[in-house]
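Have a look at upload35.cif; it's mmCIF, C-alpha atoms:
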```cif
data_structure
loop_
_atom_site.label_atom_id
_atom_site.label_comp_id
_atom_site.auth_asym_id
_atom_site.auth_seq_id
_atom_site.Cartn_x
_atom_site.Cartn_y
_atom_site.Cartn_z
CA MET A 1 167.64 85.47 79.25
CA GLN A 2 167.11 84.86 82.98
CA ILE A 3 169.19 81.88 84.12
CA SER A 4 168.68 82.07 87.90
CA ASP A 5 166.63 84.11 90.34
CA CYS A 6 169.08 87.00 90.14
CA VAL A 7 171.31 86.39 87.09
CA TYR A 8 170.59 87.27 83.46
CA TRP A 9 172.66 86.21 80.43
CA VAL A 10 172.64 89.16 78.03
CA GLY A 11 175.68 88.77 75.79
CA SER A 12 177.62 85.94 74.18
CA GLY A 13 179.82 85.50 71.14
CA ALA A 14 181.27 82.80 68.94
CA TYR A 15 182.29 80.57 71.87
CA GLY A 16 178.76 80.73 73.25
CA SER A 17 175.27 81.17 71.83
CA GLU A 18 175.85 84.33 69.76
CA LEU A 19 173.42 86.39 71.84
CA SER A 20 175.33 89.48 70.74
CA HIS A 21 178.38 90.21 68.55
CA SER A 22 180.55 87.20 67.68
CA ARG A 23 183.60 88.82 69.35
CA ASP A 24 181.82 89.24 72.68
CA CYS A 25 182.43 87.27 75.83
CA ASN A 26 179.53 86.15 78.00
CA VAL A 27 177.95 89.21 79.60
CA TYR A 28 175.80 88.86 82.71
CA VAL A 29 173.53 91.18 84.65
CA ILE A 30 172.97 90.70 88.38
CA ASP A 31 169.71 91.77 90.02
CA GLY A 32 170.34 93.02 93.54
CA GLY A 33 166.68 93.82 94.09
CA GLY A 34 166.00 96.85 91.93
CA GLU A 35 169.67 97.77 91.45
CA TYR A 36 171.67 95.96 88.77
CA ALA A 37 175.30 95.39 87.81
CA MET A 38 176.92 94.04 84.66
CA ILE A 39 179.67 91.44 84.71
CA ASP A 40 181.98 92.20 81.76
CA ALA A 41 181.18 94.47 78.83
CA GLY A 42 181.84 92.61 75.62
CA SER A 43 183.96 93.82 72.72
CA GLY A 44 182.31 97.18 72.10
CA LEU A 45 181.24 95.93 68.65
CA ALA A 46 177.49 96.50 68.31
CA PRO A 47 177.00 97.04 72.06
CA GLU A 48 173.40 98.03 71.36
CA LEU A 49 172.71 94.29 70.95
CA ILE A 50 173.60 93.80 74.62
CA VAL A 51 171.46 96.78 75.60
CA ALA A 52 168.53 95.30 73.70
CA ARG A 53 168.97 92.00 75.56
CA ILE A 54 169.03 93.79 78.90
CA GLU A 55 165.96 95.86 78.17
CA GLY A 56 164.25 92.80 76.70
CA CYS A 57 164.54 91.21 80.15
CA GLY A 58 162.55 94.14 81.56
CA ILE A 59 165.61 95.85 83.05
CA PRO A 60 165.85 99.63 82.47
CA MET A 61 169.42 100.69 81.73
CA SER A 62 168.87 103.55 84.20
CA LYS A 63 168.92 100.96 87.00
CA VAL A 64 172.18 99.33 85.90
CA LYS A 65 174.68 101.19 88.06
CA SER A 66 178.00 99.39 87.80
CA LEU A 67 180.19 97.29 85.50
CA LEU A 68 182.49 94.71 87.08
CA LEU A 69 185.29 93.48 84.83
CA THR A 70 186.94 90.10 85.30
CA HIS A 71 189.89 91.23 83.15
CA ILE A 72 190.70 93.74 80.47
CA HIS A 73 191.12 91.72 77.26
CA GLY A 74 189.28 93.19 74.29
CA ASP A 75 186.36 90.76 74.26
CA HIS A 76 185.60 91.50 77.92
CA ALA A 77 186.43 95.17 78.35
CA ALA A 78 186.63 97.08 75.07
CA GLY A 79 182.91 97.80 75.50
CA ALA A 80 183.41 99.39 78.92
CA TYR A 81 183.70 102.95 77.64
CA TYR A 82 180.41 102.69 75.75
CA PHE A 83 178.47 101.69 78.87
CA HIS A 84 180.25 104.33 80.95
CA LYS A 85 179.67 107.10 78.42
CA GLU A 86 176.11 106.24 77.37
CA TYR A 87 174.65 105.08 80.67
CA GLY A 88 176.99 106.37 83.36
CA LEU A 89 178.02 102.95 84.68
CA LYS A 90 180.81 102.98 87.25
CA VAL A 91 183.55 100.65 86.08
CA TYR A 92 185.52 98.37 88.41
CA ALA A 93 188.65 96.40 87.48
CA ALA A 94 191.58 94.69 89.18
CA GLN A 95 194.10 97.13 90.61
CA GLU A 96 196.91 95.78 88.45
CA ALA A 97 194.97 95.97 85.19
CA ALA A 98 192.91 99.13 85.79
CA PRO A 99 195.63 101.51 84.47
CA TRP A 100 195.76 99.59 81.18
CA LEU A 101 192.04 100.21 80.69
CA GLU A 102 192.30 103.83 81.81
CA GLN A 103 195.09 104.41 79.25
CA GLY A 104 193.60 102.27 76.49
CA ASP A 105 196.92 100.39 76.44
CA MET A 106 196.65 98.06 73.46
CA GLU A 107 199.91 96.27 74.29
CA ARG A 108 199.21 95.40 77.92
CA THR A 109 195.64 94.40 77.06
CA SER A 110 197.04 92.11 74.32
CA VAL A 111 194.78 93.75 71.74
CA ASN A 112 197.67 94.47 69.37
CA ALA A 113 198.79 90.84 69.62
CA ALA A 114 195.22 89.71 68.92
CA LYS A 115 195.11 91.96 65.85
CA ARG A 116 198.35 90.46 64.55
CA ALA A 117 196.87 86.99 65.09
CA GLY A 118 193.73 87.92 63.14
CA VAL A 119 191.42 87.73 66.16
CA TYR A 120 190.37 91.35 65.62
CA GLU A 121 190.25 93.48 62.48
CA ALA A 122 193.05 96.01 62.00
CA ASP A 123 190.70 98.90 62.86
CA PHE A 124 189.40 97.36 66.11
CA GLN A 125 189.22 100.05 68.79
CA TYR A 126 189.96 99.78 72.51
CA PRO A 127 188.92 103.15 73.98
CA ALA A 128 190.36 104.30 77.27
CA CYS A 129 187.81 104.25 80.09
CA PRO A 130 187.80 105.78 83.58
CA VAL A 131 187.84 103.23 86.40
CA ALA A 132 185.89 104.08 89.54
CA GLY A 133 187.24 101.27 91.68
CA HIS A 134 190.52 99.29 91.68
CA LEU A 135 189.77 95.81 93.01
CA LEU A 136 191.90 93.72 95.38
CA GLU A 137 191.57 90.20 96.77
CA GLY A 138 188.88 90.12 99.46
CA ASP A 139 187.13 93.33 98.43
CA ARG A 140 183.35 93.21 98.71
CA ILE A 141 181.04 94.97 96.27
CA LYS A 142 177.40 95.73 97.08
CA VAL A 143 174.81 95.43 94.34
CA GLY A 144 171.56 96.37 96.02
CA GLU A 145 170.84 93.58 98.50
CA LEU A 146 173.57 91.31 97.11
CA GLU A 147 177.28 91.27 97.84
CA LEU A 148 180.10 89.97 95.66
CA GLN A 149 183.55 89.05 96.91
CA VAL A 150 186.64 89.57 94.77
CA LEU A 151 189.12 86.74 94.20
CA ASP A 152 192.47 87.15 92.47
CA THR A 153 192.59 84.50 89.75
CA PRO A 154 195.58 85.16 87.46
CA GLY A 155 196.74 82.63 84.92
CA HIS A 156 194.79 83.38 81.77
CA SER A 157 196.02 86.95 82.20
CA ARG A 158 197.51 89.31 84.71
CA GLY A 159 195.01 91.44 86.58
CA HIS A 160 192.31 88.78 86.37
CA VAL A 161 189.70 88.57 89.12
CA SER A 162 186.63 86.43 89.68
CA PHE A 163 183.51 87.28 91.67
CA VAL A 164 181.85 85.10 94.29
CA MET A 165 178.17 85.52 95.10
CA GLU A 166 175.75 83.72 97.40
CA GLU A 167 172.33 83.32 95.77
CA GLY A 168 169.49 81.39 97.33
CA GLY A 169 171.76 79.04 99.24
CA PHE A 170 174.08 78.46 96.27
CA ARG A 171 177.67 79.65 96.03
CA SER A 172 178.18 81.08 92.54
CA LEU A 173 181.33 82.02 90.66
CA PHE A 174 181.66 84.55 87.85
CA ALA A 175 184.94 83.16 86.56
CA GLY A 176 185.82 85.24 83.50
CA ASP A 177 188.35 83.22 81.52
CA THR A 178 189.72 81.20 84.44
CA ILE A 179 187.54 78.08 84.22
CA PHE A 180 184.80 76.84 81.90
CA ALA A 181 182.24 74.06 81.80
CA ASN A 182 183.71 70.54 81.64
CA GLY A 183 186.95 71.67 83.25
CA LYS A 184 188.31 73.59 80.28
CA ILE A 185 190.72 76.48 80.62
CA TYR A 186 191.97 79.19 78.24
CA VAL A 187 195.74 79.16 77.75
CA GLN A 188 197.06 81.38 74.99
CA ASN A 189 200.42 82.65 73.77
CA SER A 190 200.19 86.09 75.34
CA TRP A 191 202.73 87.99 77.43
CA ASP A 192 200.87 87.51 80.71
CA CYS A 193 199.49 83.97 80.49
CA SER A 194 201.14 81.80 83.17
CA ILE A 195 200.68 78.04 83.66
CA GLN A 196 201.91 78.17 87.26
CA GLU A 197 199.59 81.02 88.20
CA TYR A 198 196.75 79.28 86.38
CA ALA A 199 197.26 76.07 88.39
CA ALA A 200 197.31 78.03 91.65
CA SER A 201 194.09 79.86 90.76
CA ILE A 202 192.31 76.60 89.90
CA ALA A 203 193.51 75.06 93.17
CA LYS A 204 192.08 78.05 95.05
CA LEU A 205 188.71 77.71 93.32
CA HIS A 206 188.68 73.94 93.90
CA GLU A 207 188.98 74.50 97.66
CA LEU A 208 186.01 76.88 97.72
CA LYS A 209 183.45 74.31 96.48
CA PHE A 210 181.18 76.23 94.14
CA ASP A 211 177.65 75.21 93.16
CA ARG A 212 177.19 77.43 90.10
CA LEU A 213 179.63 78.58 87.44
CA TYR A 214 179.11 81.56 85.16
CA PRO A 215 182.15 81.53 82.84
CA GLY A 216 183.35 84.11 80.34
CA HIS A 217 182.54 81.90 77.35
CA GLY A 218 180.41 78.88 76.57
CA THR A 219 177.66 77.40 78.67
CA PHE A 220 177.00 78.12 82.34
CA VAL A 221 176.64 75.46 85.06
CA VAL A 222 173.83 75.70 87.61
CA ASN A 223 174.52 72.54 89.62
CA ARG A 224 177.67 70.75 90.83
CA ALA A 225 180.02 73.35 89.37
CA GLY A 226 182.71 72.11 91.75
CA GLU A 227 182.95 68.89 89.77
CA HIS A 228 183.85 70.86 86.63
CA ILE A 229 186.53 72.80 88.50
CA ALA A 230 187.86 69.56 90.00
CA ARG A 231 188.50 68.14 86.51
CA ALA A 232 190.87 70.99 85.72
CA HIS A 233 192.48 70.75 89.16
CA ARG A 234 193.21 67.04 88.72
CA CYS A 235 194.94 67.71 85.40
CA PHE A 236 197.20 70.33 86.94
CA GLU A 237 197.93 68.07 89.91
CA GLN A 238 199.11 65.40 87.45
CA LEU A 239 201.49 67.94 85.81
CA ASP A 240 199.26 68.02 82.76
CA LEU A 241 197.15 70.75 81.18
CA PRO A 242 193.34 70.66 81.20
CA PRO A 243 191.65 70.81 77.78
CA ASN A 244 191.82 74.26 76.23
CA LEU A 245 188.75 76.25 75.23
#
```
Encoding of this model in structure tokens:
Amino acid sequence: MQISDCVYWVGSGAYGSELSHSRDCNVYVIDGGGEYAMIDAGSGLAPELIVARIEGCGIPMSKVKSLLLTHIHGDHAAGAYYFHKEYGLKVYAAQEAAPWLEQGDMERTSVNAAKRAGVYEADFQYPACPVAGHLLEGDRIKVGELELQVLDTPGHSRGHVSFVMEEGGFRSLFAGDTIFANGKIYVQNSWDCSIQEYAASIAKLHELKFDRLYPGHGTFVVNRAGEHIARAHRCFEQLDLPPNL
């Protein structure tokens, strides 16, 4: 589904519109003018559903060259190995979290905790995946004619990054699980979720004044995204928590 001139929505799970497997996050494809990149990979459960969505948009998988991960939780990154192995995508992840993906570390990725909580079945797999690029704050990634800037946005998890893109005069944010429509956030009882880091990340995004928001779950926002981010920022400023996804 094309949702802007250069962004396609190709995957979504139970928190969204169920475009693909129910355990998937939102998965996006960016069109850089004949060269494409994926944002996040989904859970790796029935990844062919995501491929079918991509090809249904008229995008050959042979032209999708890279996979940019916001973070390495199972619903966002367990599908990375499939897209690397089957289609040769180069995978990029935050420098801190990249080793956990490369080792298939099911503790650091919180997959084992999610299994114990019943989020995933006991046989859920998180395959190790090579990482071509370890991302740091301020890095810039070229996708054809487009360029994305990397922002460190920890809080929901360690090793969480967001991607900033200018498209047609709009400043867009691929936020992963940092911020969602209507100012919601995603706090959970995991080893690396931090309220203080979360508040700092939301304050950073609030200062940058985004027009469009492409979150890791739920609906996207194509106008006045800054107002949605401001709602979460005001809650943190008042020593409260924004509503949780």
Subject >> Sphere at (188.2, 67.0, 86.2), radius 12 Å, counting only C-alpha atoms: residues as number ranges by chain >> reply: A: 179-185, 202-203, 206, 225-238, 240-243
Counting all atoms listed in the file, find the residues whose atoms lie at most 8 Å from (178.2, 74.1, 75.2) (file coordinates) and write them out as a PDB file with C-alpha atoms, in the coordinates of the input.
```pdb
ATOM      1  CA  GLY A  16     178.760  80.730  73.250  1.00  0.00           C
ATOM      2  CA  ALA A 181     182.240  74.060  81.800  1.00  0.00           C
ATOM      3  CA  GLY A 218     180.410  78.880  76.570  1.00  0.00           C
ATOM      4  CA  THR A 219     177.660  77.400  78.670  1.00  0.00           C
TER       5      THR A 219
END
```
Original post:
Expressed in Å to a single decimal, how great is the separation between CA of Ala128 (chain A) and CA of Thr70 (chain A)?
Top reply: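 Going from CA of Ala128 (chain A) over to CA of Thr70 (chain A) covers 16.7 Å.
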Subject >> Distance criterion (only C-alpha atoms): nearest to Ser17 (chain A) out of A:Met1, A:Cys57, A:Val119, A:Leu148 >> reply: A:Met1
Subject >> For CA of Gly155 (chain A) and CA of Gln188 (chain A), the interatomic separation in Å (one decimal) >> reply: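 Pair CA of Gly155 (chain A) / CA of Gln188 (chain A) returns 10.0 Å.
For the pair CA of Val27 (chain A) and CA of Val91 (chain A), the separation is 14.3 Å.
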Subject >> Residue IDs satisfying the PyMOL selection byres ((chain A and resi 12) around 7), as a count of residues only >> reply: 11
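Considering only C-alpha atoms, the residue among A:Ala41, A:Ile72, A:Cys6, A:Leu49 positioned nearest to Met165 (chain A) is A:Cys6.
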